[in-house]
file my_file.csv (CSV, N, CA and C atoms)
chain,number,residue,atom,x,y,z
K,1,MET,N,-2.4,6.9,-12.8
K,1,MET,CA,-1.9,5.7,-13.4
K,1,MET,C,-3.0,4.7,-13.2
K,2,ILE,N,-3.1,3.8,-14.2
K,2,ILE,CA,-4.0,2.7,-14.2
K,2,ILE,C,-3.4,1.4,-14.6
K,3,SER,N,-3.8,0.3,-14.0
K,3,SER,CA,-3.3,-1.0,-14.3
K,3,SER,C,-4.4,-1.7,-15.1
K,4,ALA,N,-4.0,-2.2,-16.3
K,4,ALA,CA,-4.9,-2.9,-17.1
K,4,ALA,C,-4.8,-4.4,-16.7
K,5,LYS,N,-5.9,-4.9,-15.9
K,5,LYS,CA,-5.8,-6.3,-15.5
K,5,LYS,C,-6.5,-7.2,-16.5
K,6,PHE,N,-6.2,-7.1,-17.0
K,6,PHE,CA,-6.8,-7.9,-18.1
K,6,PHE,C,-5.7,-8.7,-18.8
K,7,ALA,N,5.8,-14.3,-30.8
K,7,ALA,CA,6.4,-15.6,-31.3
K,7,ALA,C,5.7,-16.0,-32.6
K,8,GLY,N,6.0,-16.5,-33.2
K,8,GLY,CA,5.5,-16.9,-34.5
K,8,GLY,C,4.4,-17.9,-34.3
K,9,LEU,N,3.6,-18.1,-35.4
K,9,LEU,CA,2.5,-19.0,-35.4
K,9,LEU,C,3.0,-20.5,-35.2
K,10,ASP,N,4.1,-20.8,-35.8
K,10,ASP,CA,4.6,-22.2,-35.6
K,10,ASP,C,5.0,-22.5,-34.2
K,11,VAL,N,5.5,-21.5,-33.5
K,11,VAL,CA,5.9,-21.7,-32.1
K,11,VAL,C,4.6,-21.8,-31.3
K,12,PHE,N,3.6,-21.0,-31.6
K,12,PHE,CA,2.3,-21.0,-30.9
K,12,PHE,C,1.6,-22.4,-31.0
K,13,ALA,N,1.7,-23.0,-32.2
K,13,ALA,CA,1.0,-24.2,-32.4
K,13,ALA,C,1.6,-25.4,-31.6
K,14,SER,N,2.9,-25.3,-31.3
K,14,SER,CA,3.5,-26.4,-30.5
K,14,SER,C,3.3,-26.2,-29.0
K,15,LEU,N,2.7,-25.2,-28.6
K,15,LEU,CA,2.5,-25.0,-27.1
K,15,LEU,C,1.3,-25.8,-26.7
K,16,SER,N,1.4,-26.2,-25.4
K,16,SER,CA,0.2,-26.9,-24.8
K,16,SER,C,-0.9,-25.9,-24.6
K,17,ARG,N,-2.1,-26.4,-24.4
K,17,ARG,CA,-3.3,-25.6,-24.3
K,17,ARG,C,-3.1,-24.5,-23.2
K,18,PRO,N,-2.7,-24.8,-22.0
K,18,PRO,CA,-2.5,-23.7,-21.0
K,18,PRO,C,-1.5,-22.7,-21.5
K,19,GLU,N,-0.4,-23.1,-22.1
K,19,GLU,CA,0.6,-22.2,-22.6
K,19,GLU,C,0.1,-21.3,-23.7
K,20,ARG,N,-0.8,-21.9,-24.6
K,20,ARG,CA,-1.4,-21.1,-25.7
K,20,ARG,C,-2.3,-20.1,-25.2
K,21,VAL,N,-3.1,-20.5,-24.1
K,21,VAL,CA,-4.0,-19.5,-23.6
K,21,VAL,C,-3.3,-18.4,-22.9
K,22,LYS,N,-2.2,-18.7,-22.2
K,22,LYS,CA,-1.4,-17.7,-21.5
K,22,LYS,C,-0.8,-16.8,-22.5
K,23,ALA,N,-0.2,-17.3,-23.6
K,23,ALA,CA,0.4,-16.5,-24.7
K,23,ALA,C,-0.6,-15.6,-25.3
K,24,ALA,N,-1.8,-16.2,-25.6
K,24,ALA,CA,-2.8,-15.4,-26.3
K,24,ALA,C,-3.3,-14.2,-25.3
K,25,ALA,N,-3.4,-14.5,-24.1
K,25,ALA,CA,-3.8,-13.5,-23.1
K,25,ALA,C,-2.7,-12.4,-23.0
K,26,HIS,N,-1.5,-12.8,-23.0
K,26,HIS,CA,-0.4,-11.9,-22.9
K,26,HIS,C,-0.4,-10.9,-24.2
K,27,ARG,N,-0.5,-11.5,-25.4
K,27,ARG,CA,-0.6,-10.7,-26.6
K,27,ARG,C,-1.8,-9.7,-26.5
K,28,ALA,N,-2.9,-10.3,-26.1
K,28,ALA,CA,-4.2,-9.5,-26.1
K,28,ALA,C,-4.1,-8.3,-25.1
K,29,VAL,N,-3.5,-8.6,-23.9
K,29,VAL,CA,-3.3,-7.5,-22.9
K,29,VAL,C,-2.4,-6.4,-23.5
K,30,GLU,N,-1.3,-6.8,-24.2
K,30,GLU,CA,-0.4,-5.8,-24.8
K,30,GLU,C,-1.1,-5.0,-25.9
K,31,GLU,N,-1.9,-5.7,-26.7
K,31,GLU,CA,-2.6,-5.0,-27.8
K,31,GLU,C,-3.7,-4.1,-27.2
K,32,GLN,N,-4.4,-4.5,-26.3
K,32,GLN,CA,-5.5,-3.7,-25.7
K,32,GLN,C,-4.9,-2.5,-25.0
K,33,ALA,N,-3.8,-2.7,-24.3
K,33,ALA,CA,-3.1,-1.6,-23.6
K,33,ALA,C,-2.6,-0.5,-24.6
K,34,ALA,N,-2.1,-1.0,-25.7
K,34,ALA,CA,-1.6,0.0,-26.7
K,34,ALA,C,-2.8,0.7,-27.3
K,35,GLN,N,-3.9,0.1,-27.5
K,35,GLN,CA,-5.1,0.8,-28.0
K,35,GLN,C,-5.6,1.8,-27.0
K,36,LEU,N,-5.6,1.4,-25.7
K,36,LEU,CA,-6.1,2.3,-24.7
K,36,LEU,C,-5.2,3.5,-24.6
K,37,ALA,N,-3.9,3.3,-24.7
K,37,ALA,CA,-2.9,4.4,-24.6
K,37,ALA,C,-3.2,5.3,-25.8
K,38,ASP,N,-3.4,4.8,-27.0
K,38,ASP,CA,-3.7,5.6,-28.1
K,38,ASP,C,-4.9,6.5,-27.9
K,39,ALA,N,-6.0,5.8,-27.4
K,39,ALA,CA,-7.2,6.5,-27.2
K,39,ALA,C,-7.1,7.6,-26.1
K,40,ILE,N,-6.3,7.4,-25.1
K,40,ILE,CA,-6.0,8.4,-24.0
K,40,ILE,C,-5.3,9.6,-24.6
K,41,ARG,N,-4.3,9.3,-25.5
K,41,ARG,CA,-3.5,10.4,-26.1
K,41,ARG,C,-4.5,11.2,-27.0
K,42,GLU,N,-5.4,10.6,-27.7
K,42,GLU,CA,-6.3,11.3,-28.5
K,42,GLU,C,-7.3,12.1,-27.7
K,43,ALA,N,-7.6,11.6,-26.5
K,43,ALA,CA,-8.6,12.3,-25.6
K,43,ALA,C,-8.0,13.5,-24.9
K,44,ALA,N,-6.6,13.5,-24.7
K,44,ALA,CA,-5.9,14.5,-24.0
K,44,ALA,C,-6.1,15.8,-24.7
K,45,PRO,N,-6.1,17.0,-24.0
K,45,PRO,CA,-6.2,18.2,-24.7
K,45,PRO,C,-5.1,18.4,-25.8
K,46,SER,N,-5.5,18.8,-27.0
K,46,SER,CA,-4.5,18.8,-28.1
K,46,SER,C,-3.4,19.9,-27.9
K,47,ASP,N,-3.7,20.9,-27.1
K,47,ASP,CA,-2.7,21.9,-26.9
K,47,ASP,C,-1.7,21.5,-25.8
K,48,LYS,N,-1.8,20.2,-25.3
K,48,LYS,CA,-0.9,19.7,-24.3
K,48,LYS,C,0.0,18.6,-24.9
K,49,GLY,N,0.8,18.9,-25.8
K,49,GLY,CA,1.7,17.9,-26.5
K,49,GLY,C,2.5,17.1,-25.5
K,50,ASP,N,3.1,17.7,-24.5
K,50,ASP,CA,3.9,17.0,-23.5
K,50,ASP,C,3.0,15.9,-22.8
K,51,LEU,N,1.8,16.3,-22.5
K,51,LEU,CA,0.9,15.4,-21.9
K,51,LEU,C,0.6,14.2,-22.8
K,52,GLN,N,0.2,14.5,-24.0
K,52,GLN,CA,-0.1,13.4,-25.0
K,52,GLN,C,1.1,12.5,-25.1
K,53,GLU,N,2.3,13.0,-25.2
K,53,GLU,CA,3.5,12.2,-25.4
K,53,GLU,C,3.9,11.4,-24.1
K,54,SER,N,3.3,11.8,-23.0
K,54,SER,CA,3.7,11.1,-21.7
K,54,SER,C,2.9,9.9,-21.5
K,55,VAL,N,1.8,9.7,-22.3
K,55,VAL,CA,1.0,8.5,-22.2
K,55,VAL,C,1.8,7.3,-22.7
K,56,ARG,N,1.9,6.2,-21.9
K,56,ARG,CA,2.7,5.1,-22.2
K,56,ARG,C,2.2,3.8,-21.6
K,57,VAL,N,2.6,2.7,-22.1
K,57,VAL,CA,2.3,1.4,-21.6
K,57,VAL,C,3.6,0.9,-20.9
K,58,GLU,N,3.5,0.5,-19.7
K,58,GLU,CA,4.7,0.0,-19.0
K,58,GLU,C,4.5,-1.5,-18.5
K,59,PRO,N,5.4,-2.3,-18.8
K,59,PRO,CA,5.3,-3.7,-18.4
K,59,PRO,C,5.4,-3.8,-16.8
K,60,THR,N,4.9,-4.9,-16.3
K,60,THR,CA,5.1,-5.2,-14.9
K,60,THR,C,5.8,-6.6,-14.8
K,61,ASP,N,6.0,-7.0,-13.5
K,61,ASP,CA,6.6,-8.4,-13.3
K,61,ASP,C,5.6,-9.5,-13.8
K,62,ASP,N,4.4,-9.2,-13.8
K,62,ASP,CA,3.4,-10.2,-14.3
K,62,ASP,C,3.1,-10.0,-15.7
K,63,PRO,N,3.4,-11.0,-16.6
K,63,PRO,CA,3.2,-10.8,-18.0
K,63,PRO,C,1.8,-10.6,-18.4
K,64,LEU,N,0.8,-10.8,-17.5
K,64,LEU,CA,-0.6,-10.6,-17.9
K,64,LEU,C,-1.1,-9.3,-17.3
K,65,ARG,N,-0.2,-8.4,-16.9
K,65,ARG,CA,-0.6,-7.1,-16.3
K,65,ARG,C,0.3,-6.1,-16.9
K,66,VAL,N,-0.2,-4.9,-17.3
K,66,VAL,CA,0.6,-3.8,-17.7
K,66,VAL,C,0.0,-2.5,-17.0
K,67,THR,N,0.7,-1.5,-17.1
K,67,THR,CA,0.3,-0.2,-16.5
K,67,THR,C,0.2,0.8,-17.7
K,68,VAL,N,-0.9,1.5,-17.8
K,68,VAL,CA,-1.0,2.6,-18.8
K,68,VAL,C,-1.0,3.8,-17.9
K,69,THR,N,0.0,4.7,-18.3
K,69,THR,CA,0.2,5.9,-17.4
K,69,THR,C,0.2,7.1,-18.3
K,70,ALA,N,-0.3,8.2,-17.7
K,70,ALA,CA,-0.2,9.5,-18.3
K,70,ALA,C,0.5,10.4,-17.2
K,71,GLY,N,1.4,11.2,-17.7
K,71,GLY,CA,2.2,12.1,-16.8
K,71,GLY,C,3.4,11.5,-16.2
K,72,GLY,N,3.9,12.2,-15.2
K,72,GLY,CA,5.1,11.7,-14.5
K,72,GLY,C,6.4,11.8,-15.3
K,73,THR,N,6.4,12.6,-16.3
K,73,THR,CA,7.6,12.8,-17.1
K,73,THR,C,8.1,14.2,-17.0
K,74,PRO,N,9.3,14.5,-17.3
K,74,PRO,CA,9.9,15.8,-17.2
K,74,PRO,C,9.0,16.9,-17.9
K,75,GLY,N,8.4,16.5,-19.0
K,75,GLY,CA,7.5,17.5,-19.7
K,75,GLY,C,6.2,17.8,-19.0
K,76,THR,N,5.8,16.9,-18.1
K,76,THR,CA,4.5,17.2,-17.4
K,76,THR,C,4.7,17.6,-16.0
K,77,ILE,N,5.8,17.5,-15.4
K,77,ILE,CA,6.1,18.0,-14.0
K,77,ILE,C,6.4,19.5,-14.1
K,78,GLU,N,5.7,20.2,-13.3
K,78,GLU,CA,5.9,21.7,-13.2
K,78,GLU,C,6.1,22.1,-11.8
K,79,THR,N,6.7,23.2,-11.6
K,79,THR,CA,6.9,23.8,-10.2
K,79,THR,C,6.2,25.1,-10.1
K,80,ASN,N,5.4,25.3,-9.1
K,80,ASN,CA,4.7,26.6,-9.0
K,80,ASN,C,5.6,27.6,-8.3
K,81,LYS,N,5.1,28.8,-8.1
K,81,LYS,CA,5.9,29.9,-7.5
K,81,LYS,C,6.3,29.6,-6.1
K,82,ALA,N,5.6,28.8,-5.4
K,82,ALA,CA,5.9,28.4,-4.0
K,82,ALA,C,7.0,27.3,-4.0
K,83,GLY,N,7.4,26.8,-5.2
K,83,GLY,CA,8.4,25.7,-5.2
K,83,GLY,C,7.8,24.3,-5.1
K,84,VAL,N,6.5,24.2,-5.2
K,84,VAL,CA,5.8,22.9,-5.1
K,84,VAL,C,5.7,22.3,-6.5
K,85,GLU,N,6.1,21.1,-6.6
K,85,GLU,CA,6.0,20.4,-7.9
K,85,GLU,C,4.6,19.8,-8.0
K,86,PHE,N,4.1,19.8,-9.2
K,86,PHE,CA,2.8,19.1,-9.5
K,86,PHE,C,2.9,18.5,-10.9
K,87,ASP,N,2.0,17.6,-11.2
K,87,ASP,CA,2.0,16.9,-12.5
K,87,ASP,C,0.8,17.5,-13.3
K,88,GLU,N,1.1,17.9,-14.4
K,88,GLU,CA,0.1,18.5,-15.3
K,88,GLU,C,-1.0,17.5,-15.6
K,89,ALA,N,-0.7,16.2,-15.7
K,89,ALA,CA,-1.7,15.2,-16.0
K,89,ALA,C,-2.8,15.2,-14.9
K,90,LEU,N,-2.4,15.3,-13.7
K,90,LEU,CA,-3.4,15.3,-12.6
K,90,LEU,C,-4.2,16.6,-12.6
K,91,MET,N,-3.5,17.7,-12.8
K,91,MET,CA,-4.1,19.0,-12.9
K,91,MET,C,-5.2,19.1,-13.9
K,92,ILE,N,-4.9,18.5,-15.1
K,92,ILE,CA,-5.9,18.6,-16.2
K,92,ILE,C,-7.0,17.6,-15.9
K,93,GLU,N,-6.7,16.4,-15.5
K,93,GLU,CA,-7.7,15.4,-15.3
K,93,GLU,C,-8.7,15.8,-14.2
K,94,TYR,N,-8.2,16.4,-13.1
K,94,TYR,CA,-9.1,16.7,-11.9
K,94,TYR,C,-9.4,18.2,-11.7
K,95,GLY,N,-8.6,19.0,-12.4
K,95,GLY,CA,-8.8,20.5,-12.3
K,95,GLY,C,-8.1,21.0,-11.0
K,96,THR,N,-8.2,22.3,-10.9
K,96,THR,CA,-7.6,23.0,-9.7
K,96,THR,C,-8.6,24.1,-9.2
K,97,SER,N,-8.2,24.8,-8.2
K,97,SER,CA,-9.0,25.9,-7.8
K,97,SER,C,-9.1,27.0,-8.8
K,98,ARG,N,-8.1,27.0,-9.7
K,98,ARG,CA,-8.1,28.0,-10.8
K,98,ARG,C,-8.4,27.6,-12.2
K,99,SER,N,-8.5,26.3,-12.4
K,99,SER,CA,-8.9,25.8,-13.7
K,99,SER,C,-9.8,24.6,-13.6
K,100,ALA,N,-10.7,24.5,-14.5
K,100,ALA,CA,-11.7,23.4,-14.5
K,100,ALA,C,-11.1,22.1,-15.0
K,101,ALA,N,-11.6,21.1,-14.5
K,101,ALA,CA,-11.2,19.7,-14.9
K,101,ALA,C,-11.4,19.5,-16.4
K,102,GLN,N,-10.5,18.8,-17.0
K,102,GLN,CA,-10.7,18.4,-18.4
K,102,GLN,C,-10.4,16.9,-18.5
K,103,PRO,N,-11.3,16.1,-17.9
K,103,PRO,CA,-11.0,14.7,-17.8
K,103,PRO,C,-10.8,14.0,-19.2
K,104,PHE,N,-9.7,13.3,-19.3
K,104,PHE,CA,-9.3,12.6,-20.5
K,104,PHE,C,-8.9,11.2,-20.2
K,105,PHE,N,-8.4,10.9,-19.1
K,105,PHE,CA,-7.9,9.6,-18.8
K,105,PHE,C,-9.0,8.6,-18.4
K,106,TRP,N,-9.6,8.9,-17.2
K,106,TRP,CA,-10.6,7.9,-16.7
K,106,TRP,C,-11.8,7.8,-17.5
K,107,PRO,N,-12.3,8.8,-18.2
K,107,PRO,CA,-13.5,8.6,-19.1
K,107,PRO,C,-13.1,7.7,-20.2
K,108,THR,N,-11.9,7.8,-20.7
K,108,THR,CA,-11.5,6.9,-21.8
K,108,THR,C,-11.4,5.4,-21.3
K,109,VAL,N,-10.8,5.3,-20.1
K,109,VAL,CA,-10.7,3.9,-19.5
K,109,VAL,C,-12.1,3.3,-19.4
K,110,GLU,N,-13.0,4.1,-18.8
K,110,GLU,CA,-14.4,3.6,-18.6
K,110,GLU,C,-15.1,3.3,-19.9
K,111,LYS,N,-14.9,4.1,-20.9
K,111,LYS,CA,-15.5,3.9,-22.2
K,111,LYS,C,-15.0,2.6,-22.8
K,112,MET,N,-13.8,2.3,-22.7
K,112,MET,CA,-13.2,1.1,-23.3
K,112,MET,C,-13.1,-0.1,-22.5
K,113,ARG,N,-13.5,0.0,-21.2
K,113,ARG,CA,-13.3,-1.2,-20.3
K,113,ARG,C,-14.0,-2.5,-20.8
K,114,GLY,N,-15.2,-2.4,-21.2
K,114,GLY,CA,-16.0,-3.5,-21.7
K,114,GLY,C,-15.4,-4.1,-23.0
K,115,THR,N,-15.0,-3.3,-23.9
K,115,THR,CA,-14.3,-3.8,-25.1
K,115,THR,C,-13.0,-4.4,-24.8
K,116,ILE,N,-12.2,-3.8,-24.0
K,116,ILE,CA,-10.9,-4.4,-23.6
K,116,ILE,C,-11.1,-5.8,-23.0
K,117,LYS,N,-12.0,-5.9,-22.1
K,117,LYS,CA,-12.3,-7.2,-21.4
K,117,LYS,C,-12.8,-8.2,-22.5
K,118,ALA,N,-13.7,-7.8,-23.3
K,118,ALA,CA,-14.3,-8.7,-24.3
K,118,ALA,C,-13.2,-9.2,-25.3
K,119,ASN,N,-12.3,-8.3,-25.7
K,119,ASN,CA,-11.2,-8.7,-26.6
K,119,ASN,C,-10.2,-9.6,-26.0
K,120,ILE,N,-9.9,-9.4,-24.7
K,120,ILE,CA,-9.0,-10.3,-24.0
K,120,ILE,C,-9.6,-11.7,-23.8
K,121,ASP,N,-10.9,-11.7,-23.4
K,121,ASP,CA,-11.6,-12.9,-23.3
K,121,ASP,C,-11.7,-13.7,-24.6
K,122,GLY,N,-12.0,-13.0,-25.7
K,122,GLY,CA,-12.1,-13.6,-27.0
K,122,GLY,C,-10.8,-14.2,-27.4
K,123,ALA,N,-9.7,-13.6,-27.1
K,123,ALA,CA,-8.3,-14.1,-27.5
K,123,ALA,C,-8.1,-15.4,-26.7
K,124,MET,N,-8.5,-15.4,-25.5
K,124,MET,CA,-8.3,-16.6,-24.7
K,124,MET,C,-9.2,-17.8,-25.1
K,125,GLU,N,-10.4,-17.4,-25.5
K,125,GLU,CA,-11.4,-18.4,-26.0
K,125,GLU,C,-10.9,-19.0,-27.3
K,126,GLY,N,-10.4,-18.1,-28.1
K,126,GLY,CA,-9.8,-18.6,-29.4
K,126,GLY,C,-8.7,-19.6,-29.2
K,127,ALA,N,-7.8,-19.3,-28.2
K,127,ALA,CA,-6.7,-20.2,-28.0
K,127,ALA,C,-7.2,-21.5,-27.4
K,128,LEU,N,-8.2,-21.5,-26.6
K,128,LEU,CA,-8.8,-22.7,-26.1
K,128,LEU,C,-9.3,-23.6,-27.2
K,129,GLU,N,-9.9,-23.0,-28.3
K,129,GLU,CA,-10.5,-23.8,-29.4
K,129,GLU,C,-9.5,-24.4,-30.3
K,130,GLU,N,-8.3,-23.9,-30.3
K,130,GLU,CA,-7.2,-24.4,-31.2
K,130,GLU,C,-6.7,-25.8,-30.8

call {"tool": "encode", "arguments": {"input": "my_file.csv", "output": "structure tokens"}}
result
Amino acid sequence: MISAKFAGLDVFASLSRPERVKAAAHRAVEEQAAQLADAIREAAPSDKGDLQESVRVEPTDDPLRVTVTAGGTPGTIETNKAGVEFDEALMIEYGTSRSAAQPFFWPTVEKMRGTIKANIDGAMEGALEE
């Protein structure tokens, strides 16, 4: 799991500058999180449909923070012969003693980190200029 720390136009125009910046940041965080989730789905092994479908954006109590998550769903939780549950997302990302890692989550996050930050910063700067 990773946390991304990072209304109509007529309503937006009536907001004070701090409110406009916060609203712009909120929209930018949601948009960037959705793009990150799409990229993670695309990077996940294509033969792992349940894994791809498990990638989601979850809101938090802070409107400027969301969580992008892979795994943790019934389709990705498996039980081995010893009765131990494990998450397919973790097994694929980090590998096991029997299968090589196929990193899809963290490499995507790292690849997009700079763009995400720049896009959120740009949205906030644009709101400041209005």

call {"tool": "residues_around", "arguments": {"input": "my_file.csv", "residues": "stretch 84-89 of chain K", "least_positions_apart": "4", "cutoff": "10 Å", "atoms": "only C-alpha atoms", "output": "PyMOL selection string"}}
result
chain K and resi 1+44+48+50-52+54-55+69-80+93-95+102-105

call {"tool": "residues_around", "arguments": {"input": "my_file.csv", "residues": "K:His26", "least_positions_apart": "6", "cutoff": "10 Å", "atoms": "only C-alpha atoms", "output": "count of residues only"}}
result
10

call {"tool": "atom_distance", "arguments": {"input": "my_file.csv", "atom1": "atom C of K:Lys117", "atom2": "atom CA of K:Asp61"}}
result
21.5 Å

call {"tool": "atom_distance", "arguments": {"input": "my_file.csv", "atom1": "atom C of K:Glu129", "atom2": "atom CA of K:Ala34"}}
result
25.9 Å

call {"tool": "select_by_dssp", "arguments": {"input": "my_file.csv", "residues": "chain K", "states": "strand (DSSP E or B)", "output": "PyMOL selection string"}}
result
chain K and resi 2-4+56-59+66-69+77-79+85-87

call {"tool": "atom_distance", "arguments": {"input": "my_file.csv", "atom1": "atom CA of K:Arg56", "atom2": "atom N of K:Ala37"}}
result
7.3 Å

call {"tool": "select_by_dssp", "arguments": {"input": "my_file.csv", "residues": "chain K", "states": "helix (DSSP H, G or I)", "output": "MDAnalysis selection string"}}
result
chainID K and resid 9:13 17:43 49:54 88:94 106:129

call {"tool": "closest_residue", "arguments": {"input": "my_file.csv", "among": "K:Ala118, K:Glu19, K:Ala100, K:Thr108", "to": "K:Arg41", "atoms": "only C-alpha atoms"}}
result
K:Thr108

call {"tool": "closest_residue", "arguments": {"input": "my_file.csv", "among": "K:Asp38, K:Glu53, K:Glu125, K:Asp47", "to": "K:Met112", "atoms": "only C-alpha atoms"}}
result
K:Asp38
